[in-house]
>>> print(open('structure12.cif').read())   # mmCIF, C-alpha atoms
data_upload
#
loop_
_atom_site.label_atom_id
_atom_site.label_comp_id
_atom_site.auth_asym_id
_atom_site.auth_seq_id
_atom_site.Cartn_x
_atom_site.Cartn_y
_atom_site.Cartn_z
CA MET A 1 -18.17 20.06 -1.16
CA LEU A 2 -15.50 17.48 -0.51
CA GLU A 3 -12.78 18.49 1.89
CA PRO A 4 -9.38 16.84 1.77
CA VAL A 5 -8.37 14.94 4.88
CA ARG A 6 -5.23 16.45 6.29
CA ASP A 7 -4.97 15.10 9.77
CA LYS A 8 -2.97 11.96 9.31
CA ASN A 9 -3.24 11.05 12.95
CA GLU A 10 -6.78 10.00 12.47
CA LYS A 11 -7.16 6.29 12.89
CA SER A 12 -8.41 5.75 9.38
CA THR A 13 -5.45 7.41 7.76
CA LEU A 14 -2.82 5.98 10.05
CA VAL A 15 -3.00 2.80 8.05
CA ASP A 16 -2.25 4.83 4.94
CA VAL A 17 0.74 6.42 6.61
CA ILE A 18 2.12 3.06 7.60
CA ASP A 19 1.50 1.57 4.17
CA ARG A 20 3.20 4.43 2.48
CA LEU A 21 6.28 4.61 4.65
CA LEU A 22 6.88 0.89 4.64
CA ASP A 23 6.05 0.24 1.07
CA LYS A 24 7.12 3.34 -0.75
CA GLY A 25 9.65 6.10 -0.56
CA LEU A 26 13.28 6.29 -1.46
CA VAL A 27 15.04 3.09 -0.52
CA ILE A 28 18.41 4.00 0.81
CA ASN A 29 20.63 1.28 -0.50
CA ALA A 30 20.06 -1.71 1.70
CA ASP A 31 23.38 -3.33 0.81
CA ILE A 32 25.36 -0.54 2.35
CA THR A 33 23.11 -0.51 5.36
CA VAL A 34 23.39 -4.16 6.04
CA SER A 35 26.97 -4.97 5.21
CA VAL A 36 28.69 -2.12 6.96
CA ALA A 37 26.74 -2.35 10.13
CA GLY A 38 27.42 -6.04 10.44
CA VAL A 39 23.95 -6.53 11.76
CA GLU A 40 20.83 -6.94 9.82
CA LEU A 41 18.83 -3.79 10.09
CA LEU A 42 15.32 -3.18 8.98
CA GLY A 43 15.99 -3.81 5.37
CA VAL A 44 13.87 -4.09 2.32
CA LYS A 45 12.62 -7.56 3.09
CA VAL A 46 11.40 -6.74 6.49
CA ARG A 47 9.93 -3.51 5.37
CA ALA A 48 7.87 -5.49 2.95
CA ALA A 49 6.90 -7.89 5.67
CA LEU A 50 5.90 -5.12 7.99
CA ALA A 51 3.94 -3.46 5.26
CA SER A 52 1.23 -5.92 5.95
CA PHE A 53 1.81 -6.60 9.57
CA ALA A 54 0.16 -9.92 9.55
CA THR A 55 2.49 -11.38 6.97
CA ALA A 56 5.37 -10.67 9.30
CA ALA A 57 4.81 -14.17 10.55
CA LYS A 58 5.90 -15.44 7.19
CA TYR A 59 9.28 -13.84 7.63
CA GLY A 60 9.85 -15.39 10.98
CA LEU A 61 8.88 -12.39 13.00
CA GLU A 62 6.79 -13.84 15.70
CA PHE A 63 4.99 -11.38 17.84
CA PRO A 64 5.46 -11.77 21.56
CA SER A 65 2.49 -12.83 23.61
CA GLY A 66 1.97 -9.35 24.98
CA THR A 67 1.57 -7.84 21.54
CA ASN A 68 -1.36 -5.55 21.30
CA VAL A 69 -3.28 -6.67 18.28
CA GLU A 70 -6.16 -4.32 18.83
CA THR A 71 -4.67 -1.39 16.96
CA ALA A 72 -6.21 -0.06 13.80
CA ALA A 73 -3.36 -1.09 11.56
CA TRP A 74 -3.47 -4.61 12.84
CA LYS A 75 -7.20 -4.91 12.40
CA GLU A 76 -6.90 -3.60 8.92
CA ALA A 77 -4.19 -6.11 8.18
CA GLN A 78 -6.41 -8.85 9.52
CA ALA A 79 -9.05 -8.18 6.91
CA GLY A 80 -7.31 -10.33 4.34
CA MET A 81 -6.49 -13.07 6.81
CA GLU A 82 -7.89 -16.50 7.43
CA THR A 83 -7.22 -19.11 10.05
CA CYS A 84 -5.61 -22.25 8.73
CA PRO A 85 -7.91 -25.17 9.59
CA GLN A 86 -4.96 -27.45 10.26
CA CYS A 87 -2.54 -25.48 12.37
CA GLY A 88 -4.80 -22.62 13.44
CA LYS A 89 -2.35 -19.88 12.45
CA GLU A 90 -3.49 -16.66 10.86
CA VAL A 91 -2.30 -16.57 7.30
CA CYS A 92 -2.97 -14.61 4.14
CA LYS A 93 -6.35 -15.69 2.85
CA GLU A 94 -5.34 -15.49 -0.79
CA GLU A 95 -2.32 -17.66 -0.23
CA LEU A 96 -4.15 -20.12 1.98
CA LEU A 97 -6.90 -20.71 -0.54
CA ASN A 98 -4.87 -20.67 -3.71
CA GLU A 99 -1.57 -22.17 -2.62
CA CYS A 100 -1.12 -23.65 0.80
CA CYS A 101 -0.60 -22.72 4.41
CA PRO A 102 2.92 -21.27 4.69
CA TRP A 103 3.23 -22.74 8.16
CA CYS A 104 2.03 -26.29 7.98
CA GLY A 105 1.55 -26.84 4.28
CA TRP A 106 -2.18 -27.52 4.49
CA ILE A 107 -3.69 -27.44 1.00
CA SER A 108 -7.21 -26.32 0.33
CA ALA A 109 -9.54 -28.28 -1.91
CA LYS A 110 -9.38 -25.47 -4.43
CA ALA A 111 -5.59 -25.44 -4.57
CA GLU A 112 -5.56 -29.21 -4.73
CA MET A 113 -7.82 -29.15 -7.71
CA LYS A 114 -5.62 -26.60 -9.39
CA LEU A 115 -2.57 -28.73 -8.69
CA ALA A 116 -4.29 -31.76 -10.13
CA GLU A 117 -5.21 -29.80 -13.21
CA LYS A 118 -1.67 -28.65 -13.62
CA ALA A 119 -0.35 -32.16 -13.21
CA MET A 120 -2.78 -33.32 -15.87
CA GLU A 121 -1.54 -30.69 -18.24
CA GLU A 122 2.04 -31.62 -17.70
CA LYS A 123 1.48 -35.30 -18.17
CA PRO A 124 2.76 -36.45 -21.54
CA ARG A 125 -0.11 -37.22 -23.77
CA ILE A 126 -0.30 -40.70 -25.18
CA VAL A 127 -0.39 -40.35 -28.87
CA ALA A 128 -1.70 -43.29 -30.76
CA PRO A 129 -0.56 -43.57 -34.31
CA ILE A 130 -3.27 -43.17 -36.89
CA PRO A 131 -3.58 -46.48 -38.62
CA GLN A 132 -2.55 -46.23 -42.23
CA LYS A 133 -4.73 -47.82 -44.81
CA MET B 1 12.22 -19.98 9.71
CA MET B 2 14.13 -17.76 12.09
CA THR B 3 16.72 -16.64 9.59
CA TYR B 4 16.49 -13.08 10.72
CA PHE B 5 17.37 -13.79 14.31
CA LYS B 6 21.11 -13.62 13.94
CA ASN B 7 23.31 -13.70 16.96
CA ASN B 8 25.98 -11.29 15.84
CA THR B 9 25.48 -8.88 18.67
CA PRO B 10 27.05 -5.51 17.92
CA ASP B 11 28.42 -3.10 20.38
CA VAL B 12 25.25 -2.00 22.12
CA ASN B 13 26.08 1.61 21.56
CA GLU B 14 27.09 1.42 17.93
CA LYS B 15 25.41 4.23 16.06
CA GLY B 16 24.14 4.84 12.60
CA LEU B 17 22.38 7.60 10.72
CA TYR B 18 18.66 7.44 10.14
CA VAL B 19 17.85 9.17 6.85
CA TYR B 20 14.50 10.99 6.52
CA CYS B 21 14.77 12.64 3.15
CA ILE B 22 17.03 14.15 0.53
CA MET B 23 16.58 17.74 -0.64
CA PRO B 24 18.30 20.45 -2.67
CA LYS B 25 20.68 22.33 -0.40
CA ASP B 26 19.72 25.87 -1.27
CA VAL B 27 16.10 25.78 -0.10
CA VAL B 28 16.64 23.98 3.14
CA THR B 29 15.10 25.17 6.33
CA ILE B 30 15.68 22.85 9.19
CA HIS B 31 14.26 23.36 12.61
CA ASP B 32 15.83 22.35 15.83
CA GLN B 33 14.11 19.07 16.26
CA LYS B 34 14.71 15.62 17.69
CA GLY B 35 14.89 12.61 15.43
CA ILE B 36 13.03 9.35 15.40
CA ASP B 37 14.41 8.11 18.73
CA GLY B 38 13.60 11.33 20.53
CA GLU B 39 17.28 11.81 21.39
CA GLY B 40 19.46 12.56 18.39
CA SER B 41 18.85 15.95 16.76
CA LEU B 42 18.25 16.42 13.07
CA PHE B 43 21.19 17.59 11.03
CA LEU B 44 22.25 17.79 7.40
CA VAL B 45 24.79 15.83 5.43
CA GLN B 46 25.72 17.66 2.26
CA TYR B 47 27.03 16.42 -1.05
CA ARG B 48 27.32 19.02 -3.82
CA GLU B 49 23.85 20.50 -4.35
CA LEU B 50 22.04 17.99 -2.18
CA VAL B 51 21.54 17.47 1.52
CA ALA B 52 20.24 14.49 3.42
CA VAL B 53 18.31 15.12 6.62
CA VAL B 54 19.47 12.63 9.22
CA SER B 55 19.69 11.96 12.92
CA GLU B 56 21.91 9.65 14.90
CA VAL B 57 20.29 6.48 16.18
CA LYS B 58 21.49 3.45 18.09
CA LEU B 59 21.67 0.55 15.70
CA LYS B 60 20.33 -1.81 18.30
CA ASP B 61 17.03 0.03 18.31
CA PHE B 62 16.56 -0.85 14.68
CA LYS B 63 18.31 -4.14 14.60
CA LEU B 64 16.11 -6.80 13.20
CA SER B 65 16.34 -9.25 16.03
CA MET B 66 15.61 -6.56 18.56
CA VAL B 67 12.72 -5.25 16.60
CA ALA B 68 11.43 -8.74 16.11
CA LYS B 69 11.41 -9.46 19.79
CA GLU B 70 9.92 -6.18 20.73
CA MET B 71 7.92 -5.74 17.63
CA VAL B 72 4.73 -4.45 19.04
CA MET B 73 2.31 -2.63 16.88
CA GLU B 74 2.67 0.54 18.88
CA TRP B 75 6.39 0.60 18.26
CA ALA B 76 5.93 0.64 14.50
CA GLU B 77 2.99 3.01 14.64
CA GLU B 78 4.85 5.46 16.79
CA LYS B 79 8.07 5.39 14.81
CA VAL B 80 6.34 5.60 11.47
CA ARG B 81 4.36 8.54 12.72
CA ILE B 82 7.47 10.42 13.90
CA HIS B 83 9.23 9.76 10.61
CA GLU B 84 6.22 11.05 8.71
CA LYS B 85 5.86 14.12 10.92
CA ILE B 86 9.48 15.12 10.39
CA VAL B 87 9.20 14.79 6.64
CA GLU B 88 5.87 16.58 6.50
CA ARG B 89 7.23 19.50 8.38
CA LEU B 90 10.17 19.79 6.00
CA MET B 91 7.87 19.36 3.05
CA LYS B 92 6.16 22.65 3.80
CA GLU B 93 9.21 24.63 2.77
CA ASN B 94 11.20 22.25 0.59
CA ASP B 95 10.94 19.94 -2.36
CA LEU B 96 12.22 16.63 -1.14
CA LEU B 97 12.65 12.92 -1.71
CA PRO B 98 11.14 11.10 1.27
CA THR B 99 12.85 7.88 2.28
CA SER B 100 11.23 4.63 3.15
CA PHE B 101 10.85 3.72 6.83
CA GLY B 102 13.98 2.32 8.44
CA SER B 103 16.52 3.83 6.06
CA ILE B 104 19.71 3.68 8.05
CA VAL B 105 23.32 4.02 6.99
CA SER B 106 26.30 3.30 9.15
CA ASN B 107 27.94 6.71 8.96
CA LYS B 108 28.37 9.98 7.12
CA GLU B 109 30.89 8.52 4.66
CA ALA B 110 28.54 5.73 3.62
CA LEU B 111 25.79 8.25 3.05
CA ILE B 112 28.01 10.49 0.95
CA ASP B 113 29.11 7.48 -1.08
CA LEU B 114 25.48 6.71 -1.73
CA MET B 115 24.66 10.29 -2.67
CA THR B 116 27.64 10.35 -5.00
CA ASP B 117 26.40 7.21 -6.70
CA LYS B 118 22.86 8.40 -7.09
CA TYR B 119 23.52 12.10 -7.46
CA TYR B 120 22.13 12.63 -10.95
CA GLU B 121 19.19 10.34 -10.34
CA TYR B 122 18.21 12.31 -7.23
CA ILE B 123 18.67 15.63 -8.99
CA SER B 124 16.48 14.60 -11.89
CA VAL B 125 13.68 13.23 -9.70
CA LEU B 126 13.75 16.37 -7.55
CA GLU B 127 13.43 18.42 -10.70
CA LYS B 128 10.41 16.35 -11.70
CA LEU B 129 8.78 16.81 -8.31
CA LYS B 130 9.32 20.54 -8.05
CA GLY B 131 6.22 22.39 -6.87
CA LYS B 132 4.13 19.23 -6.74
CA GLU B 133 2.46 17.23 -4.02
CA GLU B 134 1.11 13.76 -3.68
CA TRP B 135 -2.57 13.16 -2.99
CA THR B 136 -4.39 9.93 -2.31
CA ILE B 137 -7.79 9.34 -3.81
CA LYS B 138 -10.02 6.58 -2.60
CA ALA B 139 -13.30 5.67 -4.20
CA TYR B 140 -15.92 3.63 -2.36
CA LEU B 141 -18.88 1.75 -3.68
CA SER B 142 -22.19 1.24 -1.98
CA PHE B 143 -23.28 -1.97 -3.59
CA GLU B 144 -27.04 -1.71 -3.07
CA LYS B 145 -27.24 1.83 -4.32
CA PHE B 146 -25.17 0.97 -7.33
CA LYS B 147 -27.34 -2.01 -8.16
CA GLN B 148 -30.53 -0.04 -7.71
CA ALA B 149 -29.33 2.79 -9.94
CA LEU B 150 -28.29 0.34 -12.59
CA GLU B 151 -31.62 -1.46 -12.55
CA ASP B 152 -33.42 1.85 -12.84
CA ASN B 153 -31.24 3.09 -15.67
CA THR B 154 -31.15 -0.01 -17.85
CA PRO B 155 -34.31 -0.25 -19.97
CA GLU B 156 -33.67 -3.90 -20.72
CA ILE B 157 -33.72 -4.80 -17.05
CA ARG B 158 -36.72 -2.61 -16.33
CA LYS B 159 -38.70 -4.21 -19.10
CA ARG B 160 -37.91 -7.71 -17.94
CA LYS B 161 -38.89 -6.82 -14.43
CA GLU B 162 -42.26 -5.65 -15.67
CA ILE B 163 -42.79 -8.91 -17.53
CA LEU B 164 -41.82 -10.82 -14.42
CA SER B 165 -44.98 -9.95 -12.54
CA ALA B 166 -47.16 -11.42 -15.27
CA LEU B 167 -45.39 -14.78 -15.41
CA SER B 168 -46.28 -18.11 -13.86
CA LYS B 169 -44.20 -19.27 -10.94
CA SER B 170 -41.83 -21.50 -12.89
CA ASP B 171 -41.37 -19.06 -15.72
CA ALA B 172 -40.82 -16.30 -13.21
CA PHE B 173 -38.06 -18.30 -11.61
CA LEU B 174 -36.19 -18.59 -14.88
CA MET B 175 -36.79 -14.98 -15.76
CA LYS B 176 -35.54 -13.91 -12.38
CA ARG B 177 -32.33 -15.79 -12.90
CA LYS B 178 -31.95 -14.24 -16.30
CA ILE B 179 -32.42 -10.79 -14.81
CA ASP B 180 -29.94 -11.52 -12.03
CA ASN B 181 -27.31 -12.56 -14.53
CA LEU B 182 -27.99 -9.55 -16.66
CA VAL B 183 -27.70 -7.24 -13.65
CA LYS B 184 -24.43 -8.83 -12.66
CA GLU B 185 -23.05 -8.49 -16.13
CA GLN B 186 -24.17 -4.91 -16.47
CA MET B 187 -22.74 -4.02 -13.09
CA ASP B 188 -19.31 -5.26 -14.08
CA ILE B 189 -19.43 -3.29 -17.29
CA ARG B 190 -20.68 -0.15 -15.61
CA LEU B 191 -18.13 -0.33 -12.82
CA GLU B 192 -15.30 -0.75 -15.27
CA ASN B 193 -16.51 2.25 -17.22
CA VAL B 194 -16.85 4.32 -14.08
CA LEU B 195 -13.31 3.50 -13.01
CA LEU B 196 -11.94 4.31 -16.44
CA HIS B 197 -13.83 7.56 -16.37
CA ILE B 198 -12.43 8.53 -12.96
CA VAL B 199 -8.91 7.71 -14.03
CA GLU B 200 -9.30 9.64 -17.25
CA VAL B 201 -10.67 12.74 -15.54
CA LEU B 202 -7.97 12.82 -12.88
CA ARG B 203 -5.20 12.14 -15.35
CA LYS B 204 -5.93 15.48 -16.96
CA VAL B 205 -5.31 17.44 -13.79
CA SER B 206 -2.29 15.53 -12.50
CA GLU B 207 1.28 14.91 -13.53
CA CYS B 208 1.66 11.31 -12.56
CA GLU B 209 -0.41 8.49 -11.08
CA ALA B 210 0.23 5.34 -9.09
CA PHE B 211 -2.42 2.76 -8.32
CA SER B 212 -2.53 0.58 -5.27
CA ASN B 213 -4.02 -2.85 -5.38
CA VAL B 214 -7.45 -3.07 -3.91
CA GLU B 215 -9.30 -6.25 -3.39
CA PHE B 216 -12.20 -5.92 -5.71
CA PRO B 217 -15.57 -6.42 -4.07
CA LYS B 218 -17.02 -9.70 -5.17
CA HIS B 219 -19.72 -9.71 -2.58
CA GLN B 220 -22.36 -7.28 -1.63
CA LYS B 221 -20.36 -5.43 0.94
CA ASP B 222 -21.23 -1.87 1.58
CA ASN B 223 -18.71 0.86 0.98
CA SER B 224 -16.08 -1.40 -0.45
CA ILE B 225 -13.05 0.41 -1.69
CA ILE B 226 -12.88 0.18 -5.46
CA LEU B 227 -10.03 2.53 -6.25
CA LYS B 228 -6.98 3.66 -4.38
CA ALA B 229 -4.57 5.83 -6.25
CA SER B 230 -1.88 8.39 -5.62
CA TYR B 231 -1.61 11.43 -7.80
CA LEU B 232 1.21 13.87 -8.23
CA VAL B 233 -0.45 17.26 -8.50
CA LYS B 234 0.99 20.70 -9.10
CA LYS B 235 0.36 22.85 -6.05
CA SER B 236 -0.81 25.62 -8.32
CA ILE B 237 -3.65 23.57 -9.78
CA PHE B 238 -4.72 21.63 -6.74
CA GLN B 239 -8.03 23.51 -6.65
CA ASP B 240 -8.79 22.26 -10.16
CA PHE B 241 -7.92 18.77 -9.09
CA LEU B 242 -10.28 19.02 -6.14
CA GLN B 243 -12.96 20.50 -8.31
CA GLN B 244 -12.75 17.55 -10.66
CA ILE B 245 -13.25 15.19 -7.76
CA ASN B 246 -16.24 17.21 -6.63
CA LYS B 247 -17.63 16.98 -10.12
CA LEU B 248 -17.11 13.23 -10.13
CA THR B 249 -18.88 13.05 -6.78
CA ASP B 250 -21.86 14.94 -8.17
CA GLU B 251 -21.95 12.65 -11.18
CA LEU B 252 -21.55 9.37 -9.39
CA GLU B 253 -23.06 9.80 -5.96
CA SER B 254 -26.48 8.69 -7.15
CA GLU B 255 -24.85 5.42 -8.16
CA GLY B 256 -23.44 4.92 -4.71
CA ILE B 257 -19.88 5.98 -5.43
CA THR B 258 -18.14 8.31 -3.02
CA PHE B 259 -14.65 9.73 -2.78
CA GLU B 260 -12.07 10.53 -0.18
CA VAL B 261 -9.09 12.79 -0.72
CA ILE B 262 -6.13 12.46 1.63
CA GLY B 263 -3.06 14.63 1.62
CA PRO B 264 -0.88 16.35 0.84
CA TRP B 265 1.76 13.69 1.23
CA PRO B 266 5.45 13.84 0.67
CA PRO B 267 5.84 12.25 -2.78
CA TYR B 268 6.47 8.70 -1.54
CA SER B 269 4.95 7.12 -4.61
CA PHE B 270 6.96 9.13 -7.10
CA VAL B 271 10.54 9.04 -5.89
CA GLU B 272 11.67 6.67 -8.56
CA ASP B 273 13.08 7.94 -11.79
#
>>> encode(input="structure12.cif", output="structure tokens")
Amino acid sequence: MLEPVRDKNEKSTLVDVIDRLLDKGLVINADITVSVAGVELLGVKVRAALASFATAAKYGLEFPSGTNVETAAWKEAQAGMETCPQCGKEVCKEELLNECCPWCGWISAKAEMKLAEKAMEEKPRIVAPIPQK
Amino acid sequence: MMTYFKNNTPDVNEKGLYVYCIMPKDVVTIHDQKGIDGEGSLFLVQYRELVAVVSEVKLKDFKLSMVAKEMVMEWAEEKVRIHEKIVERLMKENDLLPTSFGSIVSNKEALIDLMTDKYYEYISVLEKLKGKEEWTIKAYLSFEKFKQALEDNTPEIRKRKEILSALSKSDAFLMKRKIDNLVKEQMDIRLENVLLHIVEVLRKVSECEAFSNVEFPKHQKDNSIILKASYLVKKSIFQDFLQQINKLTDELESEGITFEVIGPWPPYSFVED
């Protein structure tokens, strides 16, 4: 008999809690928040960035050297990460392989091929007139 | 790159209101409790039939640049956990709309303006959520078990495997590749059917569903997550819901598929109209 997990302090569900609170829930109008306060608070953009901790780097949130990256949430976030072979930064695997490194612009062979294919498609085709008899 | 590090330093003590949730005013029970910073107490801001549960916080604690500099994992983990705890406690006695992490308004007036704007939207979503809870279902796949079960249950594969032993080395090589491809193909089909089946079964005992993206297992990793979904379930029929999952477990366990049920959650996934 399956029992529902209720203790959300368990390590395995903490990631779920974080995901949920950062990614979902009622968004109290960010415009009001930001404009009135005159400072940029944790708005929608950063919430999204934090939602997968590792992508925070993409939004310019650099973690200080003392950051503890051994926590469960961080490890979980690392699962989809890959080290860029050029600059050595940890970036989203999907993005690295299919697009480019958001930091240094390194392009994988796969993405390069895709780009080349796209360029080929966009190239105007040379149409030779059919000789009339 | 550092667009979020702005230098407009506010008064260090400037305060704002951290909003945890919005609820109907008549069912509210609010306990004497500290807010997310451990200092400001929870209190209510009312507009017509609704109240927002808030606490005062120092803006600098949530200011982006500050957070960025001090953004350690523990900070987020701890704050998220407190936010969740507060909402979960309120959830026991109230229907509510949980807010996303870091929902801060500058003052009471701004909050009331917002509630005025969204009043009918909030009312209608609250009505929809009445007496319901959110549950997360995760399904995991044990690749080897799944493959084995499929090979055993597909006559076509079984037959080819039997032939295999009688073949010469080179023929066997080709046959083996054929079988591998067939297995792969059949696994995809079976998995898709299983997922559709799970979704169909759970749809019947829930009010609403929301799927999260999962990275589909392309490789033979054990216990890969193959489904992550949130369901809005009537409290009164939760036992049925659980029973359906148990039934699915009985059905699919031999194929290496297992389930996990997590909840109840405040209805984070269903706050939109």
>>> residues_around(input="structure12.cif", residues="Lys138 in chain B", least_positions_apart="2", cutoff="9 Å", atoms="all atoms listed in the file", output="MDAnalysis selection string")
chainID B and resid 136 140 225:230 258:262
>>> resolve_selection(input="structure12.cif", expression="the PyMOL selection byres ((chain A and resi 88) around 12)", output="list in words")
Met81, Glu82, Thr83, Cys84, Pro85, Gln86, Cys87, Lys89, Glu90, Val91, Leu96, Cys101, Pro102, Trp103, Cys104, Gly105 and Trp106 of chain A
>>> atom_distance(input="structure12.cif", atom1="CA of Glu134 in chain B", atom2="CA of Gly263 in chain B")
6.8 Å
>>> residues_around(input="structure12.cif", residues="Glu84 in chain B", least_positions_apart="5", cutoff="12 Å", atoms="all atoms listed in the file", output="number ranges by chain")
A: 7-9, 14, 16-22, 25; B: 19-21, 35-36, 76-79, 89-91, 98-102, 264-268
>>> closest_residue(input="structure12.cif", among="B:Ser103, B:Asn193, B:Ser236, B:Ser124", to="chain A", atoms="only C-alpha atoms")
B:Ser103
>>> atom_distance(input="structure12.cif", atom1="CA of Val183 in chain B", atom2="CA of Ser142 in chain B")
15.4 Å
>>> atom_distance(input="structure12.cif", atom1="CA of Ile179 in chain B", atom2="CA of Leu252 in chain B")
23.5 Å
>>> closest_residue(input="structure12.cif", among="A:Cys100, A:Leu2, A:Ile107, A:Val27", to="Lys118 in chain B", atoms="all atoms listed in the file")
A:Val27
>>> closest_residue(input="structure12.cif", among="B:Asn223, B:Lys169, B:Leu141, B:Trp75", to="Leu195 in chain B", atoms="all atoms listed in the file")
B:Leu141
>>> residues_around(input="structure12.cif", residues="Leu182 in chain B", least_positions_apart="2", cutoff="12 Å", atoms="only C-alpha atoms", output="PDB file with C-alpha atoms, in the coordinates of the input")
ATOM      1  CA  LYS B 147     -27.340  -2.010  -8.160  1.00  0.00           C
ATOM      2  CA  LEU B 150     -28.290   0.340 -12.590  1.00  0.00           C
ATOM      3  CA  GLU B 151     -31.620  -1.460 -12.550  1.00  0.00           C
ATOM      4  CA  THR B 154     -31.150  -0.010 -17.850  1.00  0.00           C
ATOM      5  CA  PRO B 155     -34.310  -0.250 -19.970  1.00  0.00           C
ATOM      6  CA  GLU B 156     -33.670  -3.900 -20.720  1.00  0.00           C
ATOM      7  CA  ILE B 157     -33.720  -4.800 -17.050  1.00  0.00           C
ATOM      8  CA  ARG B 158     -36.720  -2.610 -16.330  1.00  0.00           C
ATOM      9  CA  ARG B 160     -37.910  -7.710 -17.940  1.00  0.00           C
ATOM     10  CA  LYS B 161     -38.890  -6.820 -14.430  1.00  0.00           C
ATOM     11  CA  MET B 175     -36.790 -14.980 -15.760  1.00  0.00           C
ATOM     12  CA  LYS B 176     -35.540 -13.910 -12.380  1.00  0.00           C
ATOM     13  CA  ARG B 177     -32.330 -15.790 -12.900  1.00  0.00           C
ATOM     14  CA  LYS B 178     -31.950 -14.240 -16.300  1.00  0.00           C
ATOM     15  CA  ILE B 179     -32.420 -10.790 -14.810  1.00  0.00           C
ATOM     16  CA  ASP B 180     -29.940 -11.520 -12.030  1.00  0.00           C
ATOM     17  CA  LYS B 184     -24.430  -8.830 -12.660  1.00  0.00           C
ATOM     18  CA  GLU B 185     -23.050  -8.490 -16.130  1.00  0.00           C
ATOM     19  CA  GLN B 186     -24.170  -4.910 -16.470  1.00  0.00           C
ATOM     20  CA  MET B 187     -22.740  -4.020 -13.090  1.00  0.00           C
ATOM     21  CA  ASP B 188     -19.310  -5.260 -14.080  1.00  0.00           C
ATOM     22  CA  ILE B 189     -19.430  -3.290 -17.290  1.00  0.00           C
ATOM     23  CA  ARG B 190     -20.680  -0.150 -15.610  1.00  0.00           C
TER      24      ARG B 190
END
>>> resolve_selection(input="structure12.cif", expression="the PyMOL selection byres ((chain A and resi 111) around 12)", output="ChimeraX atom specification")
/A:94-101,105-110,112-118
>>> closest_residue(input="structure12.cif", among="B:Ile237, B:Val80, B:Leu167, B:Leu96", to="Val15 in chain A", atoms="all atoms listed in the file")
B:Val80
